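Structure, as structure tokens:
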Amino acid sequence: MLFEQGYFNPQSAGNEHAAALLNAAADRASAKVRPSDLLDAAIACGDARVLAMISQALTPGATPNDLRQLIEIYNHARRSPTDFDGSRKRFSDEVLVALDEFDAEFQKGAEGIRDASLMLLMACVFNHLDEDDREYLTILDAPQAAAKFREQVGIIIDRPTPLFDSASNRLRSDEFAEGAWTMLEHAAVRAADLGYDRVLAPHCFLALLGET
């Protein structure tokens with residue numbers, strides 16, 4: 001949960017990218033964290049996917065940096081030094097709605113939702129901009145941005161599990177049927193018998209020919 005016992009816990013956002021964005025937004029905030037603080041932090045993070053989705057929702061010729069400059073103009077006047085204590089009262093109503101929406105969807109999310117948490121967070125934020133955002137960010141089509149990020153969530157969740165584990169760089173045996181895994185083991189034996197230090201396609205073919 002993003003709020004535990006009423007206090008902000010960005011580390012529960014699913015992955016390090018989403019947590020970093022939330023922390024950056026809190027650092028930028030004045031009396032309260034606003035949707036524009038999250039947008040500003042998202043652009044500043046430089047994530048290629050985030051910038052691409054935002055760019056597609058801007059008027060032709062506009063860039064994410066243009067959006068950030070507009071945010072700076074109308075946020076500057078309402079900024080004042082404050083001690084951010086992470087309590088819910090330090091977040092605007094719009095941000096609380098967005099974060100609660102994110103929390104609810106994340107908690108009941110499908111397998112793979114952790115990988116999609118940054119995209120889901122951005123979709124929720126774009127769905128709940130405040131009055132100033134809607135007035136000043138005229139180069140932005142917020143509903144389109146939200147839809148683009150939602151589309152990415154679906155793509156990431158539906159993406160097949162990688163056959164290689166990123167931590168160990170080894171094949172995930174549980175992604176293979178018993179017969180398929182046995183064939184790969186036989187292919188490795190064939191490769192070794194023929195003096196190869198890696199399994200090539202012909203070794204797999206030979207192993208398949210040996211299956212009944």
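Residues in the structure tokens are numbered from 1 in each chain, the chains being A, B, ... in the order shown, and ligands are numbered from 1 in the order shown.
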DSSP alpha helix (DSSP H) selection over chain A, as a ChimeraX atom specification:
/A:16-28,35-45,48-56,64-76,93-107,117-126,131-136,142-158,178-193,201-209
Which residues, written as a compact mmCIF listing (two decimals) with N, CA, C and O atoms, in the first residue's frame, have at least one atom at most 12 Å from Leu209 of chain A, with only C-alpha atoms counted and residues fewer than 6 positions away on the same chain left out?
# COMPACT_ATOMS: atom_id res chain seq x y z
N MET A 183 14.48 -32.57 -24.38
CA MET A 183 15.09 -32.38 -25.69
C MET A 183 16.26 -31.40 -25.63
O MET A 183 17.31 -31.61 -26.24
N HIS A 186 19.22 -33.09 -24.14
CA HIS A 186 19.85 -33.97 -25.11
C HIS A 186 20.62 -33.16 -26.15
O HIS A 186 21.69 -33.59 -26.62
N ALA A 187 20.10 -31.98 -26.50
CA ALA A 187 20.79 -31.12 -27.46
C ALA A 187 22.13 -30.67 -26.88
O ALA A 187 23.13 -30.58 -27.61
N ARG A 190 24.49 -33.53 -27.21
CA ARG A 190 24.94 -33.64 -28.61
C ARG A 190 26.02 -32.60 -28.91
O ARG A 190 27.03 -32.90 -29.56
N PRO A 202 21.28 -26.89 -35.10
CA PRO A 202 21.39 -28.29 -35.57
C PRO A 202 21.43 -29.31 -34.43
O PRO A 202 20.93 -30.43 -34.58
N HIS A 203 21.99 -28.92 -33.28
CA HIS A 203 22.02 -29.83 -32.14
C HIS A 203 20.60 -30.08 -31.62
O HIS A 203 20.26 -31.21 -31.23
Write out as a list in words each polymer residue whose atoms come within 12 Å of Glu175 of chain A, counting only C-alpha atoms; drop sequence neighbours fewer than 5 positions from it.
Pro160, Thr161, Pro162, Leu163, Phe164, Asp165, Arg170, Ala180 and Trp181 of chain A
Near Thr63 of chain A, counting only C-alpha atoms, which residues have an atom at most 12 Å away, once you skip same-chain residues fewer than 2 positions from it, shown as an mmCIF file with C-alpha atoms, in the first residue's frame?
data_model
loop_
_atom_site.group_PDB
_atom_site.id
_atom_site.type_symbol
_atom_site.label_atom_id
_atom_site.label_comp_id
_atom_site.auth_asym_id
_atom_site.auth_seq_id
_atom_site.Cartn_x
_atom_site.Cartn_y
_atom_site.Cartn_z
ATOM 1 C CA ILE A 43 9.598 13.996 -17.561
ATOM 2 C CA LEU A 51 8.645 10.345 -22.738
ATOM 3 C CA ALA A 52 7.364 8.543 -25.837
ATOM 4 C CA MET A 53 3.847 8.144 -24.400
ATOM 5 C CA ILE A 54 3.701 11.784 -23.288
ATOM 6 C CA SER A 55 5.014 12.997 -26.661
ATOM 7 C CA GLN A 56 2.194 11.212 -28.470
ATOM 8 C CA ALA A 57 -0.371 13.167 -26.431
ATOM 9 C CA LEU A 58 1.101 16.623 -27.157
ATOM 10 C CA THR A 59 0.126 19.010 -29.927
ATOM 11 C CA PRO A 60 2.334 18.694 -33.053
ATOM 12 C CA GLY A 61 5.731 20.307 -32.522
ATOM 13 C CA ASN A 65 10.311 19.714 -22.061
ATOM 14 C CA ASP A 66 7.792 22.323 -23.266
ATOM 15 C CA LEU A 67 5.267 20.736 -20.933
ATOM 16 C CA ARG A 68 7.746 20.874 -18.083
ATOM 17 C CA GLN A 69 8.411 24.576 -18.677
ATOM 18 C CA LEU A 70 4.687 25.324 -18.499
ATOM 19 C CA ILE A 139 -0.604 21.492 -25.390
ATOM 20 C CA LEU A 140 -1.528 18.247 -23.628
#
Distance of atom CA of Ser168 of chain A from atom CA of Gly109 of chain A, expressed in Å to one decimal place
26.2 Å
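Reported to one decimal place, the separation of atom CA of Leu99 of chain A from atom CA of Phe126 of chain A is 11.3 Å.
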Between A:Ala29, A:Val153, A:Leu39, A:Ala44, single out the one closest to His128 of chain A, counting only C-alpha atoms.
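Of the candidates, the smallest distance to His128 of chain A is held by A:Leu39.
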Measure the distance from atom CA of Leu129 of chain A to atom CA of Pro35 of chain A in Å and round it to one decimal.
5.6 Å
Please extract the residues of chain A with a backbone DSSP assignment of strand (DSSP E) and present them as a ChimeraX atom specification.
/A:3-4,7-8
Selection above as a file: all heavy atoms, as an mmCIF file, in the first residue's frame:
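Wrote it out as selection30.cif, contents follow:
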data_model
loop_
_atom_site.group_PDB
_atom_site.id
_atom_site.type_symbol
_atom_site.label_atom_id
_atom_site.label_comp_id
_atom_site.auth_asym_id
_atom_site.auth_seq_id
_atom_site.Cartn_x
_atom_site.Cartn_y
_atom_site.Cartn_z
ATOM 1 N N PHE A 3 0.102 4.091 1.176
ATOM 2 C CA PHE A 3 -0.028 4.762 2.476
ATOM 3 C C PHE A 3 -0.219 3.686 3.539
ATOM 4 O O PHE A 3 -1.212 2.974 3.556
ATOM 5 C CB PHE A 3 -1.210 5.732 2.486
ATOM 6 C CG PHE A 3 -0.972 6.961 1.668
ATOM 7 C CD1 PHE A 3 -1.385 7.017 0.349
ATOM 8 C CD2 PHE A 3 -0.319 8.063 2.207
ATOM 9 C CE1 PHE A 3 -1.161 8.150 -0.423
ATOM 10 C CE2 PHE A 3 -0.084 9.201 1.444
ATOM 11 C CZ PHE A 3 -0.506 9.242 0.125
ATOM 12 N N GLU A 4 0.763 3.558 4.422
ATOM 13 C CA GLU A 4 0.686 2.606 5.514
ATOM 14 C C GLU A 4 0.539 3.373 6.820
ATOM 15 O O GLU A 4 1.379 4.207 7.151
ATOM 16 C CB GLU A 4 1.932 1.721 5.541
ATOM 17 C CG GLU A 4 2.043 0.821 4.317
ATOM 18 C CD GLU A 4 3.205 -0.140 4.403
ATOM 19 O OE1 GLU A 4 3.938 -0.089 5.424
ATOM 20 O OE2 GLU A 4 3.388 -0.929 3.468
ATOM 21 N N TYR A 7 0.745 7.114 6.268
ATOM 22 C CA TYR A 7 1.977 7.772 5.829
ATOM 23 C C TYR A 7 2.501 7.146 4.531
ATOM 24 O O TYR A 7 2.364 5.942 4.301
ATOM 25 C CB TYR A 7 3.046 7.718 6.923
ATOM 26 C CG TYR A 7 2.746 8.683 8.047
ATOM 27 C CD1 TYR A 7 1.970 8.283 9.136
ATOM 28 C CD2 TYR A 7 3.191 10.001 8.003
ATOM 29 C CE1 TYR A 7 1.662 9.167 10.162
ATOM 30 C CE2 TYR A 7 2.893 10.895 9.023
ATOM 31 C CZ TYR A 7 2.133 10.488 10.093
ATOM 32 O OH TYR A 7 1.819 11.366 11.092
ATOM 33 N N PHE A 8 3.090 7.994 3.726
ATOM 34 C CA PHE A 8 3.528 7.659 2.378
ATOM 35 C C PHE A 8 4.631 6.605 2.387
ATOM 36 O O PHE A 8 5.629 6.732 3.110
ATOM 37 C CB PHE A 8 4.036 8.941 1.708
ATOM 38 C CG PHE A 8 4.253 8.842 0.232
ATOM 39 C CD1 PHE A 8 3.359 8.172 -0.589
ATOM 40 C CD2 PHE A 8 5.356 9.456 -0.360
ATOM 41 C CE1 PHE A 8 3.549 8.108 -1.957
ATOM 42 C CE2 PHE A 8 5.561 9.403 -1.724
ATOM 43 C CZ PHE A 8 4.651 8.727 -2.523
#
If we count only C-alpha atoms, what is near Arg159 of chain A at a cut-off of 12 Å, once residues fewer than 3 positions away on the same chain are taken out, given as a VMD selection string?
chain A and resid 110 to 113 115 to 116 152 to 156 162 to 163
Keeping only all heavy atoms, take the residues you just selected and write them out as an mmCIF file, in the first residue's frame.
data_model
loop_
_atom_site.group_PDB
_atom_site.id
_atom_site.type_symbol
_atom_site.label_atom_id
_atom_site.label_comp_id
_atom_site.auth_asym_id
_atom_site.auth_seq_id
_atom_site.Cartn_x
_atom_site.Cartn_y
_atom_site.Cartn_z
ATOM 1 N N ALA A 110 -3.014 -8.383 -12.338
ATOM 2 C CA ALA A 110 -2.625 -9.689 -12.864
ATOM 3 C C ALA A 110 -1.127 -9.891 -12.697
ATOM 4 O O ALA A 110 -0.392 -8.968 -12.339
ATOM 5 C CB ALA A 110 -3.016 -9.778 -14.341
ATOM 6 N N GLU A 111 -0.690 -11.112 -12.984
ATOM 7 C CA GLU A 111 0.742 -11.400 -12.951
ATOM 8 C C GLU A 111 1.458 -10.474 -13.944
ATOM 9 O O GLU A 111 0.999 -10.261 -15.051
ATOM 10 C CB GLU A 111 0.989 -12.859 -13.324
ATOM 11 C CG GLU A 111 2.436 -13.286 -13.234
ATOM 12 C CD GLU A 111 2.626 -14.757 -13.541
ATOM 13 O OE1 GLU A 111 1.618 -15.467 -13.701
ATOM 14 O OE2 GLU A 111 3.785 -15.170 -13.630
ATOM 15 N N GLY A 112 2.560 -9.896 -13.533
ATOM 16 C CA GLY A 112 3.286 -8.965 -14.385
ATOM 17 C C GLY A 112 2.976 -7.518 -14.087
ATOM 18 O O GLY A 112 3.560 -6.619 -14.688
ATOM 19 N N ILE A 113 2.060 -7.257 -13.139
ATOM 20 C CA ILE A 113 1.671 -5.876 -12.843
ATOM 21 C C ILE A 113 2.841 -5.085 -12.269
ATOM 22 O O ILE A 113 2.916 -3.867 -12.447
ATOM 23 C CB ILE A 113 0.460 -5.844 -11.868
ATOM 24 C CG1 ILE A 113 -0.142 -4.432 -11.784
ATOM 25 C CG2 ILE A 113 0.852 -6.354 -10.500
ATOM 26 C CD1 ILE A 113 -0.739 -3.939 -13.059
ATOM 27 N N ASP A 115 5.935 -5.127 -13.240
ATOM 28 C CA ASP A 115 6.694 -4.575 -14.364
ATOM 29 C C ASP A 115 5.961 -3.406 -15.008
ATOM 30 O O ASP A 115 6.586 -2.554 -15.643
ATOM 31 C CB ASP A 115 6.946 -5.658 -15.414
ATOM 32 C CG ASP A 115 7.876 -6.750 -14.916
ATOM 33 O OD1 ASP A 115 8.683 -6.461 -14.014
ATOM 34 O OD2 ASP A 115 7.789 -7.882 -15.415
ATOM 35 N N ALA A 116 4.647 -3.366 -14.837
ATOM 36 C CA ALA A 116 3.835 -2.325 -15.473
ATOM 37 C C ALA A 116 3.468 -1.196 -14.518
ATOM 38 O O ALA A 116 2.698 -0.299 -14.882
ATOM 39 C CB ALA A 116 2.554 -2.939 -16.043
ATOM 40 N N GLN A 152 0.018 0.560 -22.690
ATOM 41 C CA GLN A 152 1.312 -0.023 -22.327
ATOM 42 C C GLN A 152 1.177 -1.010 -21.178
ATOM 43 O O GLN A 152 1.861 -2.034 -21.154
ATOM 44 C CB GLN A 152 2.296 1.092 -21.948
ATOM 45 C CG GLN A 152 2.822 1.876 -23.123
ATOM 46 C CD GLN A 152 3.588 0.997 -24.094
ATOM 47 O OE1 GLN A 152 4.532 0.315 -23.730
ATOM 48 N NE2 GLN A 152 3.173 1.005 -25.353
ATOM 49 N N VAL A 153 0.296 -0.704 -20.227
ATOM 50 C CA VAL A 153 0.061 -1.635 -19.116
ATOM 51 C C VAL A 153 -0.389 -2.983 -19.668
ATOM 52 O O VAL A 153 0.114 -4.036 -19.277
ATOM 53 C CB VAL A 153 -0.994 -1.073 -18.138
ATOM 54 C CG1 VAL A 153 -1.384 -2.135 -17.108
ATOM 55 C CG2 VAL A 153 -0.464 0.167 -17.428
ATOM 56 N N GLY A 154 -1.357 -2.945 -20.597
ATOM 57 C CA GLY A 154 -1.861 -4.177 -21.189
ATOM 58 C C GLY A 154 -0.788 -4.943 -21.936
ATOM 59 O O GLY A 154 -0.695 -6.177 -21.836
ATOM 60 N N ILE A 155 0.053 -4.223 -22.673
ATOM 61 C CA ILE A 155 1.124 -4.865 -23.438
ATOM 62 C C ILE A 155 2.114 -5.560 -22.507
ATOM 63 O O ILE A 155 2.531 -6.697 -22.747
ATOM 64 C CB ILE A 155 1.848 -3.830 -24.320
ATOM 65 C CG1 ILE A 155 0.928 -3.358 -25.457
ATOM 66 C CG2 ILE A 155 3.145 -4.404 -24.893
ATOM 67 C CD1 ILE A 155 1.485 -2.210 -26.259
ATOM 68 N N ILE A 156 2.487 -4.873 -21.432
ATOM 69 C CA ILE A 156 3.475 -5.438 -20.502
ATOM 70 C C ILE A 156 2.913 -6.655 -19.771
ATOM 71 O O ILE A 156 3.591 -7.683 -19.635
ATOM 72 C CB ILE A 156 3.927 -4.369 -19.490
ATOM 73 C CG1 ILE A 156 4.700 -3.265 -20.217
ATOM 74 C CG2 ILE A 156 4.795 -4.991 -18.398
ATOM 75 C CD1 ILE A 156 5.002 -2.054 -19.366
ATOM 76 N N PRO A 162 9.864 -14.047 -20.125
ATOM 77 C CA PRO A 162 11.135 -14.330 -20.805
ATOM 78 C C PRO A 162 11.618 -15.745 -20.503
ATOM 79 O O PRO A 162 11.501 -16.223 -19.371
ATOM 80 C CB PRO A 162 12.093 -13.282 -20.218
ATOM 81 C CG PRO A 162 11.208 -12.195 -19.711
ATOM 82 C CD PRO A 162 9.955 -12.872 -19.239
ATOM 83 N N LEU A 163 12.148 -16.419 -21.521
ATOM 84 C CA LEU A 163 12.640 -17.781 -21.318
ATOM 85 C C LEU A 163 13.919 -17.806 -20.497
ATOM 86 O O LEU A 163 14.237 -18.818 -19.868
ATOM 87 C CB LEU A 163 12.863 -18.465 -22.672
ATOM 88 C CG LEU A 163 11.592 -18.702 -23.507
ATOM 89 C CD1 LEU A 163 11.941 -19.427 -24.793
ATOM 90 C CD2 LEU A 163 10.563 -19.497 -22.715
#
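Nearest residue to Ser12 of chain A among A:Thr138, A:Asn75, A:Ser36, A:Gln107 is A:Gln107, counting only C-alpha atoms.
Considering only C-alpha atoms, the residue among A:Asp83, A:Glu211, A:Asp47, A:Glu131 positioned nearest to Lys32 of chain A is A:Asp83.
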Restricting the calculation to only C-alpha atoms: of A:Ala146, A:Leu22, A:Leu208, A:Leu2, which residue gets closest to Arg88 of chain A?
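Selected residue with least distance to Arg88 of chain A: A:Leu2.
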Compile the contact shell of Ala19 of chain A as a list in words: residues with an atom at most 12 Å away, counting only C-alpha atoms, same-chain residues fewer than 3 positions apart removed.
Leu2, Phe8, Asn9, Pro10, Gln11, Ser12, Ala13, Gly14, Asn15, Glu16, Leu22, Asn23, Ala24, Ala25, Ala26, Leu38, Ala41, Ala42, Cys45, Arg114, Ser117, Leu118 and Leu121 of chain A
Those same residues, written as a compact mmCIF listing (two decimals), in the first residue's frame with all heavy atoms?
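Heads up, here's the output in result_21.txt:
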# COMPACT_ATOMS: atom_id res chain seq x y z
N LEU A 2 0.48 2.25 -0.79
CA LEU A 2 1.27 3.48 -0.86
C LEU A 2 1.17 4.30 0.42
O LEU A 2 2.04 5.13 0.69
CB LEU A 2 0.82 4.33 -2.06
CG LEU A 2 1.25 3.82 -3.43
CD1 LEU A 2 0.73 4.73 -4.53
CD2 LEU A 2 2.77 3.70 -3.52
N PHE A 8 3.09 7.99 3.73
CA PHE A 8 3.53 7.66 2.38
C PHE A 8 4.63 6.61 2.39
O PHE A 8 5.63 6.73 3.11
CB PHE A 8 4.04 8.94 1.71
CG PHE A 8 4.25 8.84 0.23
CD1 PHE A 8 3.36 8.17 -0.59
CD2 PHE A 8 5.36 9.46 -0.36
CE1 PHE A 8 3.55 8.11 -1.96
CE2 PHE A 8 5.56 9.40 -1.72
CZ PHE A 8 4.65 8.73 -2.52
N ASN A 9 4.46 5.56 1.57
CA ASN A 9 5.45 4.50 1.45
C ASN A 9 5.69 4.20 -0.03
O ASN A 9 5.16 3.23 -0.57
CB ASN A 9 4.96 3.24 2.18
CG ASN A 9 5.95 2.09 2.04
OD1 ASN A 9 7.16 2.31 1.94
ND2 ASN A 9 5.45 0.87 2.03
N PRO A 10 6.48 5.03 -0.72
CA PRO A 10 6.67 4.86 -2.17
C PRO A 10 7.33 3.55 -2.55
O PRO A 10 7.20 3.10 -3.70
CB PRO A 10 7.55 6.06 -2.55
CG PRO A 10 8.22 6.47 -1.29
CD PRO A 10 7.24 6.18 -0.20
N GLN A 11 8.04 2.90 -1.63
CA GLN A 11 8.71 1.64 -1.96
C GLN A 11 7.73 0.52 -2.27
O GLN A 11 8.12 -0.51 -2.82
CB GLN A 11 9.63 1.22 -0.81
CG GLN A 11 10.73 2.21 -0.47
CD GLN A 11 11.52 2.64 -1.70
OE1 GLN A 11 11.89 1.81 -2.51
NE2 GLN A 11 11.77 3.94 -1.83
N SER A 12 6.46 0.72 -1.95
CA SER A 12 5.45 -0.30 -2.24
C SER A 12 4.82 -0.09 -3.61
O SER A 12 3.82 -0.72 -3.94
CB SER A 12 4.35 -0.28 -1.17
OG SER A 12 3.63 0.95 -1.21
N ALA A 13 5.42 0.77 -4.44
CA ALA A 13 4.84 1.11 -5.75
C ALA A 13 5.05 0.02 -6.79
O ALA A 13 4.60 0.18 -7.92
CB ALA A 13 5.42 2.42 -6.25
N GLY A 14 5.74 -1.05 -6.46
CA GLY A 14 5.86 -2.15 -7.40
C GLY A 14 7.25 -2.35 -7.96
O GLY A 14 7.73 -3.47 -8.02
N ASN A 15 7.90 -1.28 -8.39
CA ASN A 15 9.28 -1.42 -8.85
C ASN A 15 10.04 -0.13 -8.59
O ASN A 15 9.45 0.89 -8.22
CB ASN A 15 9.36 -1.83 -10.33
CG ASN A 15 8.77 -0.78 -11.27
OD1 ASN A 15 9.01 0.41 -11.13
ND2 ASN A 15 8.00 -1.23 -12.25
N GLU A 16 11.35 -0.18 -8.77
CA GLU A 16 12.21 0.94 -8.40
C GLU A 16 11.93 2.19 -9.23
O GLU A 16 12.12 3.31 -8.74
CB GLU A 16 13.68 0.55 -8.54
CG GLU A 16 14.08 0.13 -9.95
CD GLU A 16 15.53 -0.29 -10.03
OE1 GLU A 16 16.36 0.28 -9.31
OE2 GLU A 16 15.83 -1.21 -10.82
N LEU A 22 7.90 8.68 -7.55
CA LEU A 22 7.12 9.19 -6.42
C LEU A 22 8.00 9.98 -5.45
O LEU A 22 7.59 11.02 -4.93
CB LEU A 22 6.43 8.03 -5.70
CG LEU A 22 5.29 7.36 -6.47
CD1 LEU A 22 4.88 6.06 -5.80
CD2 LEU A 22 4.09 8.31 -6.58
N ASN A 23 9.19 9.48 -5.20
CA ASN A 23 10.11 10.20 -4.31
C ASN A 23 10.51 11.54 -4.91
O ASN A 23 10.59 12.55 -4.21
CB ASN A 23 11.36 9.35 -4.06
CG ASN A 23 11.17 8.33 -2.96
OD1 ASN A 23 10.59 8.62 -1.92
ND2 ASN A 23 11.66 7.12 -3.18
N ALA A 24 10.78 11.57 -6.22
CA ALA A 24 11.16 12.81 -6.89
C ALA A 24 10.03 13.82 -6.85
O ALA A 24 10.25 15.02 -6.65
CB ALA A 24 11.56 12.52 -8.34
N ALA A 25 8.80 13.36 -7.02
CA ALA A 25 7.64 14.26 -6.96
C ALA A 25 7.50 14.88 -5.57
O ALA A 25 7.20 16.07 -5.43
CB ALA A 25 6.37 13.52 -7.34
N ALA A 26 7.71 14.06 -4.54
CA ALA A 26 7.62 14.57 -3.17
C ALA A 26 8.71 15.61 -2.92
O ALA A 26 8.47 16.62 -2.24
CB ALA A 26 7.74 13.42 -2.18
N LEU A 38 4.08 15.24 -10.13
CA LEU A 38 4.32 13.90 -10.66
C LEU A 38 4.66 13.95 -12.14
O LEU A 38 5.53 13.21 -12.61
CB LEU A 38 3.08 13.03 -10.42
CG LEU A 38 2.88 12.60 -8.96
CD1 LEU A 38 1.43 12.21 -8.71
CD2 LEU A 38 3.79 11.45 -8.60
N ALA A 41 8.24 15.24 -12.46
CA ALA A 41 9.19 14.20 -12.09
C ALA A 41 9.27 13.13 -13.17
O ALA A 41 10.35 12.59 -13.46
CB ALA A 41 8.79 13.56 -10.76
N ALA A 42 8.14 12.81 -13.78
CA ALA A 42 8.12 11.79 -14.84
C ALA A 42 8.95 12.22 -16.04
O ALA A 42 9.68 11.42 -16.63
CB ALA A 42 6.68 11.51 -15.26
N CYS A 45 12.72 12.20 -15.19
CA CYS A 45 13.36 10.89 -15.00
C CYS A 45 14.01 10.39 -16.29
O CYS A 45 14.92 9.58 -16.25
CB CYS A 45 12.35 9.87 -14.49
SG CYS A 45 11.24 9.18 -15.75
N ARG A 114 3.77 -5.75 -11.59
CA ARG A 114 4.93 -5.04 -11.04
C ARG A 114 5.75 -4.40 -12.15
O ARG A 114 6.22 -3.27 -12.02
CB ARG A 114 5.82 -5.99 -10.22
CG ARG A 114 5.23 -6.36 -8.87
CD ARG A 114 6.19 -7.18 -8.03
NE ARG A 114 5.64 -7.40 -6.71
CZ ARG A 114 5.74 -6.54 -5.70
NH1 ARG A 114 6.39 -5.40 -5.88
NH2 ARG A 114 5.21 -6.79 -4.53
N SER A 117 4.01 -1.21 -13.30
CA SER A 117 3.54 -0.27 -12.27
C SER A 117 3.80 1.20 -12.64
O SER A 117 2.98 2.06 -12.36
CB SER A 117 4.14 -0.59 -10.91
OG SER A 117 5.55 -0.45 -10.93
N LEU A 118 4.92 1.49 -13.30
CA LEU A 118 5.20 2.87 -13.69
C LEU A 118 4.18 3.35 -14.71
O LEU A 118 3.66 4.47 -14.61
CB LEU A 118 6.61 2.99 -14.26
CG LEU A 118 7.02 4.38 -14.76
CD1 LEU A 118 6.94 5.42 -13.64
CD2 LEU A 118 8.43 4.34 -15.35
N LEU A 121 0.84 3.86 -12.91
CA LEU A 121 0.88 5.08 -12.11
C LEU A 121 0.64 6.31 -12.99
O LEU A 121 -0.17 7.19 -12.64
CB LEU A 121 2.22 5.19 -11.40
CG LEU A 121 2.48 6.47 -10.61
CD1 LEU A 121 1.46 6.63 -9.48
CD2 LEU A 121 3.91 6.48 -10.05
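With only C-alpha atoms as the atoms that count, the minimum distance from Gly6 of chain A to the choices A:Asp93, A:Asp174, A:Glu72, A:Asp85 is reached by A:Asp85.
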